[in-house]
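What's in protein-v6.cif: mmCIF, C-alpha atoms (C1' of nucleotides)
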```cif
data_final
#
loop_
_atom_site.label_atom_id
_atom_site.label_comp_id
_atom_site.auth_asym_id
_atom_site.auth_seq_id
_atom_site.Cartn_x
_atom_site.Cartn_y
_atom_site.Cartn_z
CA MET C 61 -10.24 -3.35 -3.34
CA LEU C 62 -9.68 -2.42 0.24
CA SER C 63 -10.57 -5.43 2.41
CA LYS C 64 -12.94 -5.17 5.36
CA LYS C 65 -9.97 -5.97 7.51
CA ALA C 66 -8.10 -2.88 6.33
CA LYS C 67 -11.23 -0.80 6.56
CA TYR C 68 -11.83 -1.89 10.15
CA GLY C 69 -8.16 -1.34 10.90
CA LEU C 70 -8.25 2.19 9.55
CA LYS C 71 -11.41 2.99 11.48
CA ALA C 72 -9.76 1.74 14.64
CA MET C 73 -6.58 3.72 13.97
CA PHE C 74 -8.47 6.95 13.35
CA TYR C 75 -10.39 6.39 16.55
CA LEU C 76 -7.20 5.74 18.51
CA GLY C 77 -5.72 8.83 16.90
CA LYS C 78 -8.48 10.93 18.38
CA GLN C 79 -7.94 9.34 21.80
CA TYR C 80 -4.18 9.80 21.62
CA GLY C 81 -2.73 10.83 24.99
CA LYS C 82 -5.87 9.92 26.90
CA GLY C 83 -4.71 6.47 27.95
CA PRO C 84 -5.46 2.98 26.57
CA VAL C 85 -8.74 2.09 24.83
CA LEU C 86 -10.48 -1.26 25.29
CA ILE C 87 -11.04 -3.50 22.28
CA SER C 88 -14.64 -3.88 23.41
CA ASP C 89 -15.20 -0.13 23.40
CA LEU C 90 -13.53 0.28 20.06
CA ALA C 91 -15.55 -2.57 18.58
CA GLU C 92 -18.83 -1.17 19.82
CA GLU C 93 -18.05 2.44 18.98
CA GLU C 94 -16.98 1.70 15.41
CA ASN C 95 -19.29 -1.24 14.77
CA ILE C 96 -16.58 -3.81 14.20
CA PRO C 97 -16.93 -7.53 15.10
CA LYS C 98 -14.95 -7.75 18.32
CA LYS C 99 -13.16 -11.04 17.72
CA PHE C 100 -12.11 -9.93 14.26
CA LEU C 101 -10.89 -6.63 15.62
CA GLU C 102 -8.69 -8.44 18.13
CA LEU C 103 -6.74 -10.04 15.31
CA ILE C 104 -6.44 -6.79 13.44
CA LEU C 105 -5.11 -4.80 16.38
CA LEU C 106 -2.68 -7.57 17.20
CA GLU C 107 -1.30 -7.43 13.70
CA LEU C 108 -0.94 -3.67 13.84
CA LYS C 109 0.80 -4.02 17.18
CA LYS C 110 3.23 -6.64 15.89
CA ASN C 111 4.12 -4.24 13.14
CA GLY C 112 4.92 -1.47 15.59
CA LEU C 113 1.97 0.84 15.09
CA LEU C 114 0.21 0.09 18.36
CA HIS C 115 1.12 -0.40 21.98
CA SER C 116 -0.97 -2.55 24.31
CA LYS C 117 -1.33 -3.41 27.94
CA MET C 118 -2.96 -6.51 29.36
CA GLY C 119 -5.13 -6.76 32.44
CA LYS C 120 -7.13 -4.21 34.35
CA GLY C 121 -6.60 -0.67 33.13
CA GLY C 122 -5.14 -2.07 29.93
CA GLY C 123 -6.08 -1.63 26.30
CA TYR C 124 -4.64 -0.27 23.07
CA SER C 125 -3.03 3.02 22.16
CA LEU C 126 -0.98 4.38 19.24
CA SER C 127 2.73 3.71 19.65
CA LYS C 128 3.51 7.18 18.28
CA SER C 129 1.66 10.38 17.61
CA PRO C 130 -1.06 10.22 14.94
CA ASP C 131 0.79 12.57 12.63
CA GLU C 132 3.64 10.06 12.43
CA ILE C 133 1.42 7.20 11.27
CA THR C 134 0.28 7.14 7.66
CA VAL C 135 -2.71 5.49 6.06
CA GLY C 136 -0.27 3.76 3.72
CA GLN C 137 1.45 2.02 6.61
CA VAL C 138 -1.82 0.68 7.95
CA VAL C 139 -3.04 -0.53 4.57
CA ARG C 140 0.26 -2.26 3.75
CA ILE C 141 0.23 -4.16 7.03
CA LEU C 142 -3.35 -5.35 6.67
CA ASP C 143 -3.75 -5.74 2.90
CA GLY C 144 -0.19 -6.06 1.66
CA PRO C 145 1.56 -3.92 -0.97
CA LEU C 146 -0.22 -0.96 -2.58
CA ALA C 147 1.03 -1.88 -6.04
CA PRO C 148 -1.55 -3.38 -8.43
CA ILE C 149 1.05 -5.90 -9.58
CA PRO C 150 4.08 -7.23 -7.65
CA CYS C 151 6.60 -6.12 -10.28
CA VAL C 152 5.91 -2.44 -9.53
CA SER C 153 5.95 -2.73 -5.75
CA LYS C 154 8.65 -0.77 -3.93
CA THR C 155 8.11 -2.56 -0.61
CA ALA C 156 7.52 -6.09 -1.90
CA TYR C 157 8.94 -6.30 -5.41
CA MET C 158 8.58 -9.59 -7.26
CA LYS C 159 9.42 -10.36 -10.85
CA CYS C 160 6.54 -11.60 -12.99
CA ALA C 161 7.07 -15.28 -13.76
CA GLU C 162 6.28 -14.97 -17.47
CA CYS C 163 7.67 -11.50 -18.18
CA ASP C 164 10.93 -11.62 -20.12
CA ASN C 165 11.38 -7.89 -20.57
CA GLU C 166 10.29 -5.60 -17.78
CA LYS C 167 11.51 -2.46 -19.52
CA THR C 168 9.13 -2.79 -22.45
CA CYS C 169 6.06 -4.15 -20.62
CA GLU C 170 3.18 -1.74 -21.24
CA ILE C 171 1.13 -3.03 -18.33
CA ARG C 172 4.04 -2.46 -16.00
CA LYS C 173 4.50 1.14 -17.13
CA ILE C 174 0.89 2.01 -16.45
CA MET C 175 0.64 0.15 -13.18
CA MET C 176 3.82 1.80 -12.02
CA GLN C 177 2.10 5.14 -12.45
CA VAL C 178 -0.96 3.93 -10.59
CA ARG C 179 1.19 2.65 -7.75
CA ASP C 180 3.15 5.89 -7.53
CA ALA C 181 0.00 7.98 -7.52
CA SER C 182 -1.67 5.83 -4.85
CA ALA C 183 1.45 5.71 -2.70
CA ALA C 184 1.93 9.48 -2.98
CA ILE C 185 -1.50 9.93 -1.47
CA LEU C 186 -1.55 7.17 1.12
CA ASP C 187 2.02 7.63 2.32
CA HIS C 188 1.65 11.36 2.79
CA THR C 189 -1.64 11.26 4.60
CA SER C 190 -1.34 10.70 8.33
CA LEU C 191 -4.07 9.74 10.78
CA LEU C 192 -4.18 13.38 11.77
CA GLU C 193 -4.15 15.21 8.46
CA ALA C 194 -6.30 12.72 6.61
CA PRO C 195 -9.39 14.91 6.66
CA LYS C 196 -7.51 17.94 5.37
CA ALA C 197 -5.39 16.58 2.52
CA LEU C 198 -6.04 17.64 -1.06
CA PHE C 199 -4.40 16.27 -4.16
CA THR C 200 -4.42 16.73 -7.90
CA VAL C 201 -3.21 14.53 -10.69
CA ASN C 202 -1.63 16.17 -13.73
CA ARG C 203 -0.53 14.77 -17.01
CA LYS C 204 2.99 15.77 -17.97
CA SER C 205 2.44 15.63 -21.70
CA LYS C 206 -0.74 16.73 -23.51
CA MET M 461 -4.51 -6.10 -7.01
CA LEU M 462 -4.92 -6.60 -10.71
CA SER M 463 -6.20 -10.13 -11.33
CA LYS M 464 -4.54 -12.50 -13.78
CA LYS M 465 -7.71 -12.25 -15.81
CA ALA M 466 -7.28 -8.50 -16.24
CA LYS M 467 -3.57 -8.89 -16.89
CA TYR M 468 -4.22 -11.47 -19.60
CA GLY M 469 -6.97 -9.29 -20.98
CA LEU M 470 -4.71 -6.26 -21.21
CA LYS M 471 -1.96 -8.27 -22.85
CA ALA M 472 -4.42 -9.52 -25.42
CA MET M 473 -5.80 -6.03 -26.03
CA PHE M 474 -2.34 -4.54 -26.54
CA TYR M 475 -1.53 -7.33 -28.95
CA LEU M 476 -4.75 -6.79 -30.88
CA GLY M 477 -3.96 -3.09 -30.87
CA LYS M 478 -0.73 -3.75 -32.71
CA GLN M 479 -2.53 -5.97 -35.21
CA TYR M 480 -5.31 -3.44 -35.75
CA GLY M 481 -6.32 -3.25 -39.41
CA LYS M 482 -4.55 -6.46 -40.35
CA GLY M 483 -7.60 -8.70 -40.02
CA PRO M 484 -8.78 -11.05 -37.29
CA VAL M 485 -6.38 -12.85 -34.91
CA LEU M 486 -6.93 -16.42 -33.73
CA ILE M 487 -7.37 -17.12 -30.03
CA SER M 488 -4.80 -19.87 -30.41
CA ASP M 489 -2.21 -17.51 -31.84
CA LEU M 490 -2.90 -14.91 -29.20
CA ALA M 491 -2.67 -17.49 -26.43
CA GLU M 492 0.60 -18.87 -27.68
CA GLU M 493 2.13 -15.50 -28.50
CA GLU M 494 1.32 -13.95 -25.12
CA ASN M 495 1.61 -17.12 -23.03
CA ILE M 496 -1.97 -17.17 -21.84
CA PRO M 497 -3.92 -20.40 -21.10
CA LYS M 498 -6.08 -20.75 -24.19
CA LYS M 499 -9.31 -21.87 -22.57
CA PHE M 500 -9.08 -19.06 -20.03
CA LEU M 501 -8.38 -16.54 -22.76
CA GLU M 502 -11.53 -17.63 -24.61
CA LEU M 503 -13.67 -16.52 -21.67
CA ILE M 504 -11.81 -13.26 -21.32
CA LEU M 505 -12.13 -12.29 -24.97
CA LEU M 506 -15.80 -13.23 -24.92
CA GLU M 507 -16.38 -10.91 -21.98
CA LEU M 508 -14.54 -8.07 -23.69
CA LYS M 509 -16.60 -8.69 -26.80
CA LYS M 510 -19.90 -8.69 -24.90
CA ASN M 511 -18.89 -5.32 -23.51
CA GLY M 512 -18.30 -3.90 -26.95
CA LEU M 513 -14.53 -3.71 -27.04
CA LEU M 514 -13.95 -6.58 -29.45
CA HIS M 515 -15.44 -7.88 -32.64
CA SER M 516 -15.26 -11.53 -33.60
CA LYS M 517 -15.95 -13.81 -36.52
CA MET M 518 -16.56 -17.56 -36.34
CA GLY M 519 -15.34 -20.21 -38.73
CA LYS M 520 -12.51 -20.27 -41.19
CA GLY M 521 -10.80 -16.94 -41.61
CA GLY M 522 -12.37 -15.82 -38.34
CA GLY M 523 -10.86 -14.59 -35.11
CA TYR M 524 -10.83 -11.50 -32.93
CA SER M 525 -10.15 -7.85 -33.64
CA LEU M 526 -10.67 -4.54 -31.85
CA SER M 527 -14.12 -3.08 -32.44
CA LYS M 528 -12.61 0.41 -32.72
CA SER M 529 -9.20 1.93 -33.15
CA PRO M 530 -6.72 1.35 -30.31
CA ASP M 531 -6.59 5.03 -29.42
CA GLU M 532 -10.30 4.92 -28.61
CA ILE M 533 -9.96 2.08 -26.10
CA THR M 534 -8.58 2.88 -22.66
CA VAL M 535 -6.87 0.66 -20.14
CA GLY M 536 -9.52 1.74 -17.63
CA GLN M 537 -12.31 0.30 -19.78
CA VAL M 538 -10.58 -3.07 -20.01
CA VAL M 539 -9.82 -3.23 -16.29
CA ARG M 540 -13.37 -2.28 -15.29
CA ILE M 541 -14.87 -4.99 -17.49
CA LEU M 542 -12.59 -7.72 -16.19
CA ASP M 543 -11.99 -6.68 -12.58
CA GLY M 544 -14.88 -4.38 -11.79
CA PRO M 545 -14.73 -0.80 -10.52
CA LEU M 546 -11.39 0.97 -10.04
CA ALA M 547 -12.47 2.43 -6.70
CA PRO M 548 -10.90 0.84 -3.60
CA ILE M 549 -14.31 0.99 -1.88
CA PRO M 550 -17.76 0.98 -3.50
CA CYS M 551 -18.83 4.27 -1.90
CA VAL M 552 -16.28 6.20 -3.99
CA SER M 553 -16.99 4.47 -7.29
CA LYS M 554 -18.32 6.68 -10.09
CA THR M 555 -19.34 3.74 -12.28
CA ALA M 556 -20.68 1.39 -9.59
CA TYR M 557 -21.49 3.47 -6.54
CA MET M 558 -22.81 1.67 -3.47
CA LYS M 559 -23.46 3.06 -0.03
CA CYS M 560 -21.53 1.43 2.79
CA ALA M 561 -23.96 -0.59 4.90
CA GLU M 562 -22.64 0.67 8.24
CA CYS M 563 -21.70 4.24 7.28
CA ASP M 564 -24.15 6.79 8.65
CA ASN M 565 -22.33 9.91 7.48
CA GLU M 566 -20.53 9.77 4.17
CA LYS M 567 -19.50 13.43 4.32
CA THR M 568 -17.35 13.03 7.40
CA CYS M 569 -15.88 9.58 6.71
CA GLU M 570 -12.08 9.93 6.67
CA ILE M 571 -11.56 6.66 4.85
CA ARG M 572 -13.91 7.76 2.12
CA LYS M 573 -12.08 11.06 1.62
CA ILE M 574 -8.75 9.37 1.14
CA MET M 575 -10.03 6.55 -1.03
CA MET M 576 -11.84 9.08 -3.18
CA GLN M 577 -8.49 10.67 -3.93
CA VAL M 578 -6.95 7.30 -4.71
CA ARG M 579 -9.81 6.46 -7.03
CA ASP M 580 -9.58 9.80 -8.81
CA ALA M 581 -5.83 9.50 -9.25
CA SER M 582 -6.06 5.94 -10.57
CA ALA M 583 -8.95 6.75 -12.88
CA ALA M 584 -7.16 9.84 -14.22
CA ILE M 585 -4.31 7.59 -15.31
CA LEU M 586 -6.20 4.54 -16.52
CA ASP M 587 -9.00 6.40 -18.28
CA HIS M 588 -6.63 8.66 -20.18
CA THR M 589 -4.28 5.98 -21.31
CA SER M 590 -5.33 4.22 -24.50
CA LEU M 591 -4.00 1.00 -25.95
CA LEU M 592 -1.99 3.12 -28.33
CA GLU M 593 -0.50 5.79 -26.13
CA ALA M 594 0.07 3.54 -23.13
CA PRO M 595 3.81 3.26 -23.73
CA LYS M 596 4.24 7.01 -24.07
CA ALA M 597 2.17 8.43 -21.22
CA LEU M 598 3.83 10.22 -18.36
CA PHE M 599 2.17 11.46 -15.21
CA THR M 600 3.03 13.26 -12.02
CA VAL M 601 1.16 13.55 -8.75
CA ASN M 602 1.27 16.85 -6.88
CA ARG M 603 -0.03 17.82 -3.51
CA LYS M 604 -2.18 20.95 -3.55
CA SER M 605 -1.41 21.97 0.00
CA LYS M 606 1.85 20.96 1.70
"C1'" DA L 1045 -7.33 -14.80 44.65
"C1'" DT L 1046 -9.96 -12.64 41.34
"C1'" DA L 1047 -11.64 -9.95 37.80
"C1'" DT L 1048 -10.04 -7.95 33.74
"C1'" DA L 1049 -7.71 -7.67 29.36
"C1'" DT L 1050 -4.97 -9.02 25.73
"C1'" DT L 1051 -2.86 -13.05 23.19
"C1'" DC L 1052 -2.67 -17.31 20.83
"C1'" DT L 1053 -4.21 -21.37 18.15
"C1'" DA L 1054 -7.45 -23.41 15.50
"C1'" DC L 1055 -11.35 -23.88 12.90
"C1'" DT L 1056 -15.09 -22.83 9.44
"C1'" DA L 1057 -18.40 -21.19 5.87
"C1'" DA L 1058 -18.72 -18.67 1.80
"C1'" DT L 1059 -16.80 -16.56 -1.99
"C1'" DT L 1060 -13.47 -15.65 -5.56
"C1'" DC L 1061 -9.70 -17.01 -8.63
"C1'" DG L 1062 -7.63 -19.47 -12.14
"C1'" DA L 1063 -8.38 -22.41 -14.71
"C1'" DT L 1064 -10.22 -27.02 -17.62
"C1'" DA L 1065 -13.66 -30.06 -20.34
"C1'" DG L 1066 -16.70 -30.83 -23.73
"C1'" DA L 1067 -20.59 -29.94 -26.48
"C1'" DA L 1068 -22.94 -26.52 -29.52
"C1'" DT L 1069 -22.98 -23.32 -33.11
"C1'" DA L 1070 -21.56 -20.53 -37.00
"C1'" DT L 1071 -18.78 -19.93 -41.31
"C1'" DA L 1072 -15.87 -20.58 -45.44
"C1'" DT L 1073 -14.81 -23.38 -49.10
"C1'" DA L 1074 -14.12 -27.49 -51.82
"C1'" DT O 876 -23.56 -30.46 -48.96
"C1'" DA O 877 -19.83 -32.29 -46.29
"C1'" DT O 878 -15.91 -30.85 -43.81
"C1'" DA O 879 -12.57 -28.37 -41.45
"C1'" DT O 880 -12.21 -24.39 -38.76
"C1'" DA O 881 -13.36 -21.09 -35.20
"C1'" DT O 882 -15.87 -19.06 -31.73
"C1'" DT O 883 -19.51 -19.72 -28.09
"C1'" DC O 884 -21.79 -21.73 -24.26
"C1'" DT O 885 -22.44 -24.44 -20.02
"C1'" DA O 886 -20.58 -26.71 -16.32
"C1'" DT O 887 -17.33 -28.09 -13.19
"C1'" DC O 888 -13.22 -28.02 -10.13
"C1'" DG O 889 -9.31 -27.34 -6.83
"C1'" DA O 890 -6.95 -23.88 -4.34
"C1'" DA O 891 -6.71 -19.71 -2.15
"C1'" DT O 892 -8.64 -15.84 0.17
"C1'" DT O 893 -12.00 -13.45 3.05
"C1'" DA O 894 -14.51 -12.65 6.99
"C1'" DG O 895 -15.27 -14.15 10.60
"C1'" DT O 896 -15.98 -17.44 15.39
"C1'" DA O 897 -14.54 -20.35 19.54
"C1'" DG O 898 -12.05 -21.19 23.31
"C1'" DA O 899 -8.06 -21.64 25.99
"C1'" DA O 900 -3.76 -19.27 27.64
"C1'" DT O 901 -1.45 -15.57 29.62
"C1'" DA O 902 -0.50 -11.20 31.84
"C1'" DT O 903 -1.79 -7.48 35.18
"C1'" DA O 904 -3.99 -4.51 38.77
"C1'" DT O 905 -6.10 -4.50 43.03
#
```

Represent the structure of the file as structure tokens.
Amino acid sequence: MLSKKAKYGLKAMFYLGKQYGKGPVLISDLAEEENIPKKFLELILLELKKNGLLHSKMGKGGGYSLSKSPDEITVGQVVRILDGPLAPIPCVSKTAYMKCAECDNEKTCEIRKIMMQVRDASAAILDHTSLLEAPKALFTVNRKSK
Amino acid sequence: MLSKKAKYGLKAMFYLGKQYGKGPVLISDLAEEENIPKKFLELILLELKKNGLLHSKMGKGGGYSLSKSPDEITVGQVVRILDGPLAPIPCVSKTAYMKCAECDNEKTCEIRKIMMQVRDASAAILDHTSLLEAPKALFTVNRKSK
DNA sequence: ATATATTCTACTAATTCGATAGAATATATA
DNA sequence: TATATATTCTATCGAATTAGTAGAATATAT
């Protein structure tokens, strides 16, 4: 499940994508426009900033803006920052791999094989969809065998 | 993220898949064999039974067995029972659809479009992988445009 | 100086997760 | 019919996570 945090974060990023090049946007405006609790949004934007996706300016005339053009920021990046790895289980994560405590043979683990496929499919979509092209993208999933 | 509950459940189901036709398996044996806390496993198997995936028999000579052949039970069915819908957000779930409270226009929601694709990709994999063919299945994800 | 914004630290209520405990019930068989 | 064997049911629990809120600190433009 996508958390509310990630959902809010994505909404905010899409909004900032549309405002890209028009100068900084106030948290207050963003919160009101996208119906996000302001205080919660503060934390979210801060986290996205600390991870290099946003640029901010304090004081009068300040606000938030994307740190690069919207077509260079993917949905996958945003989700990973706010919700952690895309992988359904840590042992199939490419960005945050962790061995399963109990698992003694990764190569033969059925669950791992399936979840690896789910991770790859999800990542293929989320990592190749930018804030700009999100509305346009189209994908299909094909079985190799059968 | 796949919960431990679902992970345990899948392990148990794969195990029962291998024992299919050989008579009922004891919870105790299953727990020990797959390293699952026994008391926790009891609840899991009960839930899978109540949802029609398992058959059980009490008393001596009893135990659990699949209610149908392993190739008729999919990983998706097991995961949905134990962890709920596959969809990352309720508004793209086919089995448990729910409108987003805030969303006023589903058609234009960027997040929805992307998560719909993620859901479809995940479901295509999990719903077409049975307990039997799980180890064999191979998938690819292709972009339509690009 | 002052108004305006972000930033930081801390807290909290509610829910979910990962179990555990113990009693109740059903079944085979001696 | 008594007994051992299994599942089933109800209830509880600690820890972690989620979804926020509160308020002070800090930076900046004018």

The coordinates of chain C, once least-squares superposed on chain M over all sequentially paired C-alpha atoms, should be supplied as a tab-separated table (two decimals) with C-alpha atoms, in the coordinates of the input.
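Done, and the output landed in selection.tsv:
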```
chain	number	residue	atom	x	y	z
C	61	MET	CA	-4.50	-6.16	-7.05
C	62	LEU	CA	-4.91	-6.63	-10.74
C	63	SER	CA	-6.20	-10.17	-11.36
C	64	LYS	CA	-4.52	-12.53	-13.81
C	65	LYS	CA	-7.68	-12.28	-15.83
C	66	ALA	CA	-7.28	-8.53	-16.27
C	67	LYS	CA	-3.59	-8.92	-16.90
C	68	TYR	CA	-4.20	-11.50	-19.62
C	69	GLY	CA	-6.97	-9.32	-21.02
C	70	LEU	CA	-4.70	-6.30	-21.22
C	71	LYS	CA	-1.95	-8.31	-22.86
C	72	ALA	CA	-4.42	-9.55	-25.43
C	73	MET	CA	-5.78	-6.05	-26.06
C	74	PHE	CA	-2.33	-4.57	-26.56
C	75	TYR	CA	-1.52	-7.36	-28.96
C	76	LEU	CA	-4.74	-6.80	-30.90
C	77	GLY	CA	-3.97	-3.10	-30.90
C	78	LYS	CA	-0.73	-3.77	-32.72
C	79	GLN	CA	-2.54	-5.99	-35.23
C	80	TYR	CA	-5.30	-3.45	-35.77
C	81	GLY	CA	-6.34	-3.25	-39.43
C	82	LYS	CA	-4.57	-6.47	-40.36
C	83	GLY	CA	-7.62	-8.70	-40.06
C	84	PRO	CA	-8.81	-11.06	-37.30
C	85	VAL	CA	-6.42	-12.86	-34.92
C	86	LEU	CA	-6.98	-16.43	-33.74
C	87	ILE	CA	-7.40	-17.13	-30.03
C	88	SER	CA	-4.85	-19.91	-30.42
C	89	ASP	CA	-2.26	-17.54	-31.85
C	90	LEU	CA	-2.93	-14.94	-29.23
C	91	ALA	CA	-2.71	-17.53	-26.46
C	92	GLU	CA	0.58	-18.90	-27.71
C	93	GLU	CA	2.11	-15.53	-28.52
C	94	GLU	CA	1.31	-14.00	-25.14
C	95	ASN	CA	1.59	-17.16	-23.05
C	96	ILE	CA	-1.99	-17.22	-21.86
C	97	PRO	CA	-3.95	-20.44	-21.11
C	98	LYS	CA	-6.11	-20.78	-24.20
C	99	LYS	CA	-9.36	-21.87	-22.56
C	100	PHE	CA	-9.11	-19.07	-20.03
C	101	LEU	CA	-8.40	-16.57	-22.76
C	102	GLU	CA	-11.56	-17.63	-24.59
C	103	LEU	CA	-13.67	-16.52	-21.66
C	104	ILE	CA	-11.81	-13.27	-21.33
C	105	LEU	CA	-12.15	-12.28	-24.97
C	106	LEU	CA	-15.81	-13.21	-24.92
C	107	GLU	CA	-16.38	-10.90	-22.00
C	108	LEU	CA	-14.55	-8.07	-23.70
C	109	LYS	CA	-16.61	-8.68	-26.81
C	110	LYS	CA	-19.90	-8.65	-24.91
C	111	ASN	CA	-18.88	-5.31	-23.52
C	112	GLY	CA	-18.28	-3.87	-26.96
C	113	LEU	CA	-14.51	-3.70	-27.05
C	114	LEU	CA	-13.95	-6.56	-29.47
C	115	HIS	CA	-15.45	-7.86	-32.66
C	116	SER	CA	-15.30	-11.54	-33.61
C	117	LYS	CA	-15.98	-13.83	-36.50
C	118	MET	CA	-16.62	-17.55	-36.30
C	119	GLY	CA	-15.42	-20.22	-38.69
C	120	LYS	CA	-12.60	-20.31	-41.18
C	121	GLY	CA	-10.85	-16.98	-41.59
C	122	GLY	CA	-12.40	-15.85	-38.32
C	123	GLY	CA	-10.90	-14.60	-35.10
C	124	TYR	CA	-10.85	-11.49	-32.92
C	125	SER	CA	-10.16	-7.86	-33.65
C	126	LEU	CA	-10.66	-4.53	-31.84
C	127	SER	CA	-14.10	-3.06	-32.44
C	128	LYS	CA	-12.58	0.42	-32.72
C	129	SER	CA	-9.16	1.92	-33.16
C	130	PRO	CA	-6.69	1.34	-30.32
C	131	ASP	CA	-6.54	5.02	-29.44
C	132	GLU	CA	-10.25	4.93	-28.62
C	133	ILE	CA	-9.92	2.09	-26.11
C	134	THR	CA	-8.55	2.86	-22.67
C	135	VAL	CA	-6.85	0.63	-20.15
C	136	GLY	CA	-9.49	1.73	-17.66
C	137	GLN	CA	-12.27	0.30	-19.80
C	138	VAL	CA	-10.56	-3.07	-20.02
C	139	VAL	CA	-9.80	-3.25	-16.31
C	140	ARG	CA	-13.35	-2.28	-15.31
C	141	ILE	CA	-14.85	-4.99	-17.50
C	142	LEU	CA	-12.58	-7.73	-16.21
C	143	ASP	CA	-11.97	-6.70	-12.59
C	144	GLY	CA	-14.87	-4.40	-11.82
C	145	PRO	CA	-14.72	-0.81	-10.55
C	146	LEU	CA	-11.37	0.95	-10.06
C	147	ALA	CA	-12.44	2.41	-6.73
C	148	PRO	CA	-10.88	0.84	-3.61
C	149	ILE	CA	-14.27	0.98	-1.90
C	150	PRO	CA	-17.74	0.97	-3.51
C	151	CYS	CA	-18.80	4.27	-1.92
C	152	VAL	CA	-16.25	6.20	-4.00
C	153	SER	CA	-16.96	4.48	-7.31
C	154	LYS	CA	-18.27	6.68	-10.11
C	155	THR	CA	-19.30	3.75	-12.31
C	156	ALA	CA	-20.66	1.41	-9.63
C	157	TYR	CA	-21.46	3.50	-6.57
C	158	MET	CA	-22.79	1.69	-3.51
C	159	LYS	CA	-23.43	3.08	-0.06
C	160	CYS	CA	-21.51	1.42	2.76
C	161	ALA	CA	-23.93	-0.59	4.88
C	162	GLU	CA	-22.61	0.68	8.21
C	163	CYS	CA	-21.67	4.24	7.26
C	164	ASP	CA	-24.12	6.80	8.62
C	165	ASN	CA	-22.30	9.91	7.45
C	166	GLU	CA	-20.49	9.79	4.15
C	167	LYS	CA	-19.45	13.44	4.28
C	168	THR	CA	-17.31	13.04	7.38
C	169	CYS	CA	-15.85	9.57	6.70
C	170	GLU	CA	-12.06	9.91	6.67
C	171	ILE	CA	-11.52	6.64	4.84
C	172	ARG	CA	-13.87	7.75	2.11
C	173	LYS	CA	-12.04	11.05	1.60
C	174	ILE	CA	-8.71	9.34	1.12
C	175	MET	CA	-10.01	6.54	-1.04
C	176	MET	CA	-11.80	9.06	-3.19
C	177	GLN	CA	-8.45	10.64	-3.93
C	178	VAL	CA	-6.91	7.28	-4.70
C	179	ARG	CA	-9.76	6.43	-7.04
C	180	ASP	CA	-9.54	9.77	-8.82
C	181	ALA	CA	-5.79	9.47	-9.25
C	182	SER	CA	-6.02	5.90	-10.57
C	183	ALA	CA	-8.91	6.72	-12.88
C	184	ALA	CA	-7.12	9.80	-14.23
C	185	ILE	CA	-4.28	7.55	-15.31
C	186	LEU	CA	-6.16	4.50	-16.52
C	187	ASP	CA	-8.96	6.37	-18.28
C	188	HIS	CA	-6.60	8.64	-20.17
C	189	THR	CA	-4.23	5.96	-21.32
C	190	SER	CA	-5.30	4.21	-24.50
C	191	LEU	CA	-3.96	0.98	-25.96
C	192	LEU	CA	-1.93	3.11	-28.32
C	193	GLU	CA	-0.47	5.78	-26.07
C	194	ALA	CA	0.11	3.53	-23.10
C	195	PRO	CA	3.85	3.32	-23.62
C	196	LYS	CA	4.23	7.08	-23.94
C	197	ALA	CA	2.12	8.47	-21.09
C	198	LEU	CA	3.73	10.31	-18.20
C	199	PHE	CA	2.04	11.53	-15.06
C	200	THR	CA	2.82	13.36	-11.87
C	201	VAL	CA	0.97	13.61	-8.62
C	202	ASN	CA	1.03	16.92	-6.75
C	203	ARG	CA	-0.22	17.88	-3.36
C	204	LYS	CA	-2.37	20.98	-3.38
C	205	SER	CA	-1.50	22.09	0.13
C	206	LYS	CA	1.95	21.80	1.74
```

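Residue membership of the PyMOL selection byres ((chain O and resi 899) around 9) in the shown file amounts to L:DC1052, L:DT1053, O:DG898, O:DA900.
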
May I have the residues from that selection written out with C-alpha atoms (C1' of nucleotides), as a PDB file, keeping the file's coordinate frame?
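Generated output (result_24.pdb):
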```
ATOM      1  C1'  DC L1052      -2.670 -17.310  20.830  1.00  0.00           C
ATOM      2  C1'  DT L1053      -4.210 -21.370  18.150  1.00  0.00           C
TER       3       DT L1053
ATOM      4  C1'  DG O 898     -12.050 -21.190  23.310  1.00  0.00           C
ATOM      5  C1'  DA O 900      -3.760 -19.270  27.640  1.00  0.00           C
TER       6       DA O 900
END
```

Dump as number ranges by chain the residues of chain C that approach chain O to within 9 Å, counting all atoms listed in the file. C: 63-65, 97, 99-100, 117-122

| said: On this structure, the PyMOL selection byres ((chain C and resi 76) around 10) would catch which residues? List them as a count of residues only, sorted by chain and number. | reply: 22

Between C1' of DT1048 (chain L) and CA of Leu103 (chain C) lies a distance of 18.8 Å

Residues of chain L within 9 Å of chain M, counting all atoms listed in the file, as a list in words: DC1061, DG1062, DA1063, DT1064, DA1070, DT1071, DA1072 and DT1073 of chain L
